[in-house]
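Everything below belongs to work-v1.cif, which stores mmCIF, C-alpha atoms.
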```cif
data_my_file
loop_
_atom_site.label_atom_id
_atom_site.label_comp_id
_atom_site.auth_asym_id
_atom_site.auth_seq_id
_atom_site.Cartn_x
_atom_site.Cartn_y
_atom_site.Cartn_z
CA MET A 700 -19.30 89.80 101.10
CA ALA A 701 -16.12 91.85 101.51
CA SER A 702 -18.19 94.72 102.90
CA LYS A 703 -19.84 92.39 105.44
CA ILE A 704 -16.44 91.11 106.63
CA HIS A 705 -15.17 94.68 107.03
CA GLN A 706 -18.21 95.60 109.11
CA ASP A 707 -17.80 92.57 111.37
CA ARG A 708 -14.17 93.40 112.03
CA SER A 709 -15.11 96.94 113.01
CA VAL A 710 -17.33 95.68 115.86
CA PRO A 711 -15.32 95.62 119.11
CA THR A 712 -14.97 92.28 120.83
CA ALA A 713 -16.32 91.78 124.35
CA ARG A 714 -12.75 91.84 125.68
CA ALA A 715 -12.05 95.11 123.84
CA LYS A 716 -15.23 96.65 125.28
CA ALA A 717 -14.28 95.65 128.82
CA TYR A 718 -10.71 96.87 128.33
CA ALA A 719 -11.80 100.25 126.93
CA TYR A 720 -14.38 100.71 129.69
CA VAL A 721 -11.94 100.12 132.54
CA LEU A 722 -9.06 102.03 130.93
CA ASP A 723 -11.25 105.07 130.29
CA HIS A 724 -12.32 105.16 133.94
CA ILE A 725 -8.71 104.84 135.11
CA ILE A 726 -7.48 107.59 132.79
CA ARG A 727 -10.25 109.96 133.84
CA GLY A 728 -9.64 109.32 137.52
CA ASP A 729 -12.99 107.63 138.21
CA PHE A 730 -10.95 104.63 139.38
CA ARG A 731 -8.14 106.06 141.51
CA GLY A 732 -4.83 104.57 142.56
CA GLY A 733 -5.43 101.96 145.25
CA ASP A 734 -9.09 101.36 144.30
CA PHE A 735 -10.22 97.78 143.78
CA ILE A 736 -12.27 97.05 140.66
CA GLU A 737 -14.83 94.28 140.93
CA GLU A 738 -15.01 91.90 138.02
CA GLU A 739 -18.77 91.43 138.41
CA TRP A 740 -19.39 95.20 138.45
CA VAL A 741 -17.40 95.77 135.23
CA SER A 742 -19.21 92.84 133.60
CA SER A 743 -22.58 94.44 134.35
CA ALA A 744 -21.56 98.02 133.51
CA ALA A 745 -19.82 97.15 130.22
CA GLY A 746 -22.49 94.67 129.18
CA VAL A 747 -20.17 91.69 128.75
CA SER A 748 -19.62 88.36 130.49
CA ARG A 749 -16.99 87.90 133.19
CA THR A 750 -14.54 85.96 130.99
CA PRO A 751 -13.66 88.92 128.71
CA VAL A 752 -13.39 91.11 131.82
CA ARG A 753 -10.75 88.75 133.24
CA GLU A 754 -8.93 88.84 129.89
CA ALA A 755 -9.08 92.66 129.89
CA PHE A 756 -7.68 92.71 133.43
CA HIS A 757 -4.67 90.65 132.33
CA ARG A 758 -3.96 93.09 129.49
CA LEU A 759 -4.29 96.08 131.83
CA GLU A 760 -1.90 94.41 134.26
CA SER A 761 0.67 93.84 131.51
CA GLU A 762 0.40 97.56 130.66
CA ARG A 763 0.87 98.47 134.35
CA PHE A 764 -2.50 100.10 134.91
CA ILE A 765 -3.67 97.58 137.50
CA GLU A 766 -2.24 94.90 139.78
CA LEU A 767 -3.88 91.49 140.12
CA LEU A 768 -3.59 90.40 143.73
CA PRO A 769 -4.29 86.77 144.77
CA ARG A 770 -7.64 86.44 146.55
CA ARG A 771 -8.10 90.23 146.49
CA GLY A 772 -8.73 91.09 142.85
CA ALA A 773 -7.74 93.98 140.59
CA ARG A 774 -6.27 97.09 142.18
CA VAL A 775 -5.57 100.29 140.25
CA ARG A 776 -1.88 101.22 140.21
CA GLN A 777 -1.02 104.63 141.56
CA VAL A 778 0.95 106.83 139.17
CA THR A 779 4.28 107.42 140.90
CA ALA A 780 6.34 110.59 140.87
CA GLN A 781 9.12 108.78 139.02
CA GLU A 782 6.73 107.46 136.39
CA MET A 783 5.29 110.93 135.82
CA MET A 784 8.77 112.39 135.31
CA GLN A 785 9.73 109.59 132.92
CA VAL A 786 6.61 110.11 130.82
CA TYR A 787 7.45 113.80 130.52
CA GLU A 788 11.09 113.02 129.63
CA ALA A 789 10.03 110.65 126.84
CA ARG A 790 7.54 113.15 125.47
CA ARG A 791 10.09 116.00 125.44
CA LEU A 792 12.43 113.86 123.33
CA ILE A 793 9.72 112.75 120.88
CA GLU A 794 7.91 116.06 120.52
CA GLY A 795 11.07 118.16 120.49
CA PHE A 796 12.41 116.13 117.56
CA ALA A 797 9.08 116.39 115.75
CA ALA A 798 9.00 120.18 116.24
CA ARG A 799 12.47 120.59 114.74
CA ARG A 800 11.54 118.47 111.73
CA ILE A 801 8.48 120.65 111.09
CA CYS A 802 10.61 123.80 111.32
CA GLU A 803 13.20 122.35 108.96
CA ALA A 804 10.44 121.69 106.41
CA ALA A 805 9.38 125.37 106.76
CA LYS A 806 5.70 124.54 106.32
CA GLY A 807 4.47 126.17 109.50
CA ALA A 808 2.35 124.63 112.23
CA PRO A 809 0.05 121.78 111.14
CA VAL A 810 -3.47 123.03 110.48
CA GLU A 811 -4.87 120.52 113.00
CA MET A 812 -2.73 121.99 115.78
CA LYS A 813 -4.14 125.44 115.06
CA ARG A 814 -7.70 124.14 115.01
CA LEU A 815 -7.31 122.29 118.30
CA ALA A 816 -5.62 125.23 120.04
CA ALA A 817 -8.54 127.45 118.98
CA GLU A 818 -11.11 124.88 120.12
CA MET A 819 -9.47 124.58 123.54
CA ARG A 820 -9.45 128.37 123.91
CA ALA A 821 -13.13 128.58 122.96
CA LEU A 822 -14.05 125.82 125.40
CA GLY A 823 -12.91 127.82 128.41
CA ASP A 824 -12.75 125.99 131.72
CA SER A 825 -16.18 124.37 131.55
CA ASP A 826 -15.05 120.81 130.77
CA LEU A 827 -11.64 119.67 132.02
CA ARG A 828 -12.15 116.15 130.67
CA ARG A 829 -12.74 117.49 127.18
CA HIS A 830 -9.62 119.64 127.53
CA VAL A 831 -7.51 116.57 128.27
CA ASP A 832 -8.83 114.81 125.15
CA LEU A 833 -8.13 117.88 123.00
CA ASP A 834 -4.68 118.28 124.55
CA ARG A 835 -3.86 114.70 123.58
CA ASP A 836 -4.99 115.34 120.00
CA TYR A 837 -2.97 118.58 119.85
CA HIS A 838 0.26 116.80 120.73
CA VAL A 839 -0.55 113.92 118.38
CA ALA A 840 -0.96 116.47 115.58
CA LEU A 841 2.49 117.87 116.39
CA VAL A 842 4.17 114.48 116.07
CA GLU A 843 2.15 113.57 112.98
CA GLY A 844 3.59 116.72 111.42
CA SER A 845 7.06 115.13 111.52
CA ARG A 846 5.88 112.41 109.08
CA ASN A 847 7.72 109.82 111.18
CA ASP A 848 5.60 106.71 111.67
CA VAL A 849 7.92 105.17 114.27
CA LEU A 850 7.68 108.27 116.46
CA MET A 851 3.90 108.04 116.20
CA GLU A 852 3.99 104.42 117.38
CA VAL A 853 6.11 105.37 120.39
CA LEU A 854 3.83 108.27 121.26
CA ASP A 855 0.79 106.05 120.91
CA ALA A 856 2.27 103.66 123.49
CA LEU A 857 2.46 106.60 125.92
CA ARG A 858 -0.97 107.99 125.13
CA ALA A 859 -2.97 106.42 127.96
CA ARG A 860 -0.38 107.34 130.59
CA GLN A 861 -0.14 110.82 129.10
CA GLN A 862 -3.87 111.31 129.64
CA GLN A 863 -3.76 109.85 133.14
CA VAL A 864 -1.02 112.32 134.08
CA ALA A 865 -2.89 115.20 132.42
CA TYR A 866 -6.03 114.49 134.44
CA ALA A 867 -3.95 114.36 137.63
CA VAL A 868 -2.44 117.76 136.83
CA LEU A 869 -5.71 119.55 136.04
CA ASN A 870 -7.58 117.99 138.93
CA ALA A 871 -4.83 119.10 141.32
CA ASP A 872 -4.51 122.60 139.84
CA PRO A 873 -7.33 123.70 137.47
CA SER A 874 -5.76 127.18 137.27
CA ARG A 875 -2.93 125.69 135.19
CA LEU A 876 -5.33 125.46 132.24
CA GLU A 877 -4.68 129.08 131.20
CA THR A 878 -0.92 128.41 131.13
CA ILE A 879 -1.48 125.32 128.97
CA LEU A 880 -3.62 127.26 126.49
CA ALA A 881 -1.12 130.11 126.24
CA GLU A 882 1.77 127.69 125.68
CA HIS A 883 -0.16 125.85 122.96
CA GLU A 884 -0.75 129.12 121.13
CA ALA A 885 2.89 130.17 121.55
CA MET A 886 4.08 126.85 120.09
CA VAL A 887 1.87 127.32 117.03
CA ASP A 888 3.34 130.80 116.52
CA ALA A 889 6.92 129.50 116.86
CA LEU A 890 6.26 126.70 114.37
CA ASP A 891 4.83 129.22 111.91
CA ARG A 892 8.06 131.24 112.26
CA GLY A 893 10.20 128.12 111.83
CA ASP A 894 11.79 128.79 115.22
CA GLY A 895 12.93 125.30 116.24
CA ASP A 896 14.82 126.43 119.34
CA GLY A 897 11.83 128.48 120.42
CA VAL A 898 9.40 125.56 120.10
CA VAL A 899 11.71 123.18 121.96
CA GLY A 900 12.12 125.72 124.74
CA LEU A 901 8.35 126.02 125.03
CA LEU A 902 7.96 122.23 125.05
CA ASN A 903 10.55 121.91 127.80
CA ARG A 904 8.48 124.25 129.96
CA HIS A 905 5.17 122.78 128.88
CA LEU A 906 6.15 119.14 129.50
CA ARG A 907 7.56 119.38 132.97
CA PRO A 908 6.47 117.83 136.28
CA ILE A 909 4.24 120.11 138.36
CA GLN A 910 5.61 120.22 141.89
CA SER A 911 2.19 120.47 143.54
CA VAL A 912 1.19 117.24 141.78
CA VAL A 913 4.50 115.43 142.34
CA GLU A 914 4.25 116.07 146.07
CA ARG A 915 0.95 114.18 146.18
CA LEU A 916 2.31 111.08 144.46
CA PRO A 917 4.18 108.16 146.03
CA GLY A 918 7.78 107.40 145.08
CA GLU A 919 8.63 104.36 142.93
#
```
Represent the structure of the file as structure tokens.
Amino acid sequence: MASKIHQDRSVPTARAKAYAYVLDHIIRGDFRGGDFIEEEWVSSAAGVSRTPVREAFHRLESERFIELLPRRGARVRQVTAQEMMQVYEARRLIEGFAARRICEAAKGAPVEMKRLAAEMRALGDSDLRRHVDLDRDYHVALVEGSRNDVLMEVLDALRARQQQVAYAVLNADPSRLETILAEHEAMVDALDRGDGDGVVGLLNRHLRPIQSVVERLPGE
């Protein structure tokens, strides 16, 4: 009986399915800032009724991914230049602290960071969407290495916006991928050396607004 209950809880609810479907399309840029999302279309595409779609829309609005406009429907929020800079600022604080904690422990770079950096290098430039997913996991592995659960919770709250910004960067400038890969590898090397200042310096360069992307975004 306990096993049956566990299995039932693992099945996503209709609202969760609708939420994940819409959020994934926003993050990946399939739904762009200013686009309207039709409730009926999401209901059909996600295979759920319209009620859980409406519930998912309210959650997405509370998380500032969409706006619900009277008599017009759900409109995707545009990432603003200010929001992009604030996401980067928050990540530099979180990941810089995590990097120093790893260096203080003198255990070297987490194995998962090394594995992900190697996988991204092997992938080349054939799949930018996959790169964004791996990039997210790489930075999660860095913060997990600090063994600080509260930091992980804060980073998790930023995760969707982090991916949305990452897609915007690579779509605007695919050539930046080589810089990202090189900086990932350099951070692993610095962590292995226990060079906290070196890793933080790399993170400060790595997590910075890209001017060519900022110029395309509206102000707050």
**OP:** Would you kindly identify which residues have an atom no farther than 10 Å from (15.0, 123.6, 120.0), using all atoms listed in the file and the file's own coordinates, and write them out as a count of residues only?
**Re:** 15
Original post:
What is the distance, in Å and to one decimal place, between atom CA of Arg907 of chain A and atom CA of Leu822 of chain A?
Top reply: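 Computed distance, atom CA of Arg907 of chain A to atom CA of Leu822 of chain A, equals 23.8 Å.
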**OP:** Could you jot down the atom CA of Thr878 of chain A to atom CA of Met819 of chain A separation for me, Å, one decimal place?
**Re:** 12.1 Å
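Residues in contact with segment 767-774 of chain A at 7 Å, where all atoms listed in the file are counted and same-chain residues fewer than 5 positions away are skipped, are listed as Gly733, Asp734, Phe735, Ile736 and Glu760 of chain A.
With only C-alpha atoms as the atoms that count, the minimum distance from Asn870 of chain A to the choices A:Val842, A:Ala804, A:Val831, A:Leu759 is reached by A:Val831.
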**OP:** Would you kindly return, as a list in words, each protein, DNA or RNA residue with an atom no farther than 10 Å from any atom of Leu906 of chain A, considering all atoms listed in the file and excluding same-chain residues fewer than 4 positions away?
**Re:** Met784, Val786, Tyr787, Glu788, Ala789, Arg790, Arg791, Glu794, Ile879, Leu901 and Leu902 of chain A
Original post:
Written as a ChimeraX atom specification, which residues does the PyMOL selection byres ((chain A and resi 863) around 8) give for the file shown?
Top reply: /A:725-728,859-862,864-867
Original post:
Please, what distance in Å, to one decimal, runs between atom CA of Phe730 of chain A and atom CA of Ser748 of chain A?
Top reply: 20.5 Å
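Considering the residues A:Leu815, A:Asn847, A:Leu880, A:Glu762 and counting only C-alpha atoms, Ile793 of chain A has its shortest atom-to-atom contact with A:Asn847.
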Subject >> Test item: the PyMOL selection byres ((chain A and resi 751) around 9) resolved as a list in words >> reply: Thr712, Ala713, Arg714, Ala715, Lys716, Ala717, Tyr718, Ser742, Val747, Ser748, Arg749, Thr750, Val752, Arg753, Glu754, Ala755 and Phe756 of chain A
Subject >> Residue among A:Arg776, A:Arg758, A:Arg800, A:His724 lying closest to Glu843 of chain A, counting all atoms listed in the file >> reply: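 Using all atoms listed in the file, the shortest distance to Glu843 of chain A belongs to A:Arg800.
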Subject >> the PyMOL selection byres ((chain A and resi 805) around 9) resolved against shown file, as a PyMOL selection string >> reply: chain A and resi 800-804+806-808+890-893
Selection file, C-alpha atoms, as a PDB file, in the coordinates of the input:
```
ATOM      1  CA  ARG A 800      11.540 118.470 111.730  1.00  0.00           C
ATOM      2  CA  ILE A 801       8.480 120.650 111.090  1.00  0.00           C
ATOM      3  CA  CYS A 802      10.610 123.800 111.320  1.00  0.00           C
ATOM      4  CA  GLU A 803      13.200 122.350 108.960  1.00  0.00           C
ATOM      5  CA  ALA A 804      10.440 121.690 106.410  1.00  0.00           C
ATOM      6  CA  LYS A 806       5.700 124.540 106.320  1.00  0.00           C
ATOM      7  CA  GLY A 807       4.470 126.170 109.500  1.00  0.00           C
ATOM      8  CA  ALA A 808       2.350 124.630 112.230  1.00  0.00           C
ATOM      9  CA  LEU A 890       6.260 126.700 114.370  1.00  0.00           C
ATOM     10  CA  ASP A 891       4.830 129.220 111.910  1.00  0.00           C
ATOM     11  CA  ARG A 892       8.060 131.240 112.260  1.00  0.00           C
ATOM     12  CA  GLY A 893      10.200 128.120 111.830  1.00  0.00           C
TER      13      GLY A 893
END
```
Original post:
From the list A:Leu722, A:Leu827, A:Ile765, A:Leu854, which residue is nearest Leu792 of chain A when using all atoms listed in the file?
Top reply: A:Leu854
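Ranking A:Glu738, A:Tyr720, A:Glu877, A:Asp872 by their shortest atom-to-atom distance to Ala821 of chain A, with only C-alpha atoms included, puts A:Glu877 first.
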Subject >> Minimum-distance residue to Ala797 of chain A, chosen among A:Ala817, A:Ile909, A:Val849, A:Ala881 (using only C-alpha atoms) >> reply: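 The answer is A:Val849, which sits nearest to Ala797 of chain A.
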Mind working out the centre and edge lengths of an axis-aligned box for segment 720-739 of chain A, all listed atoms inside, 6 Å added to each side, rounded to one decimal in Å and written as AutoDock Vina command-line options?
```
--center_x -11.8 --center_y 100.7 --center_z 137.5 --size_x 25.9 --size_y 30.5 --size_z 27.6
```
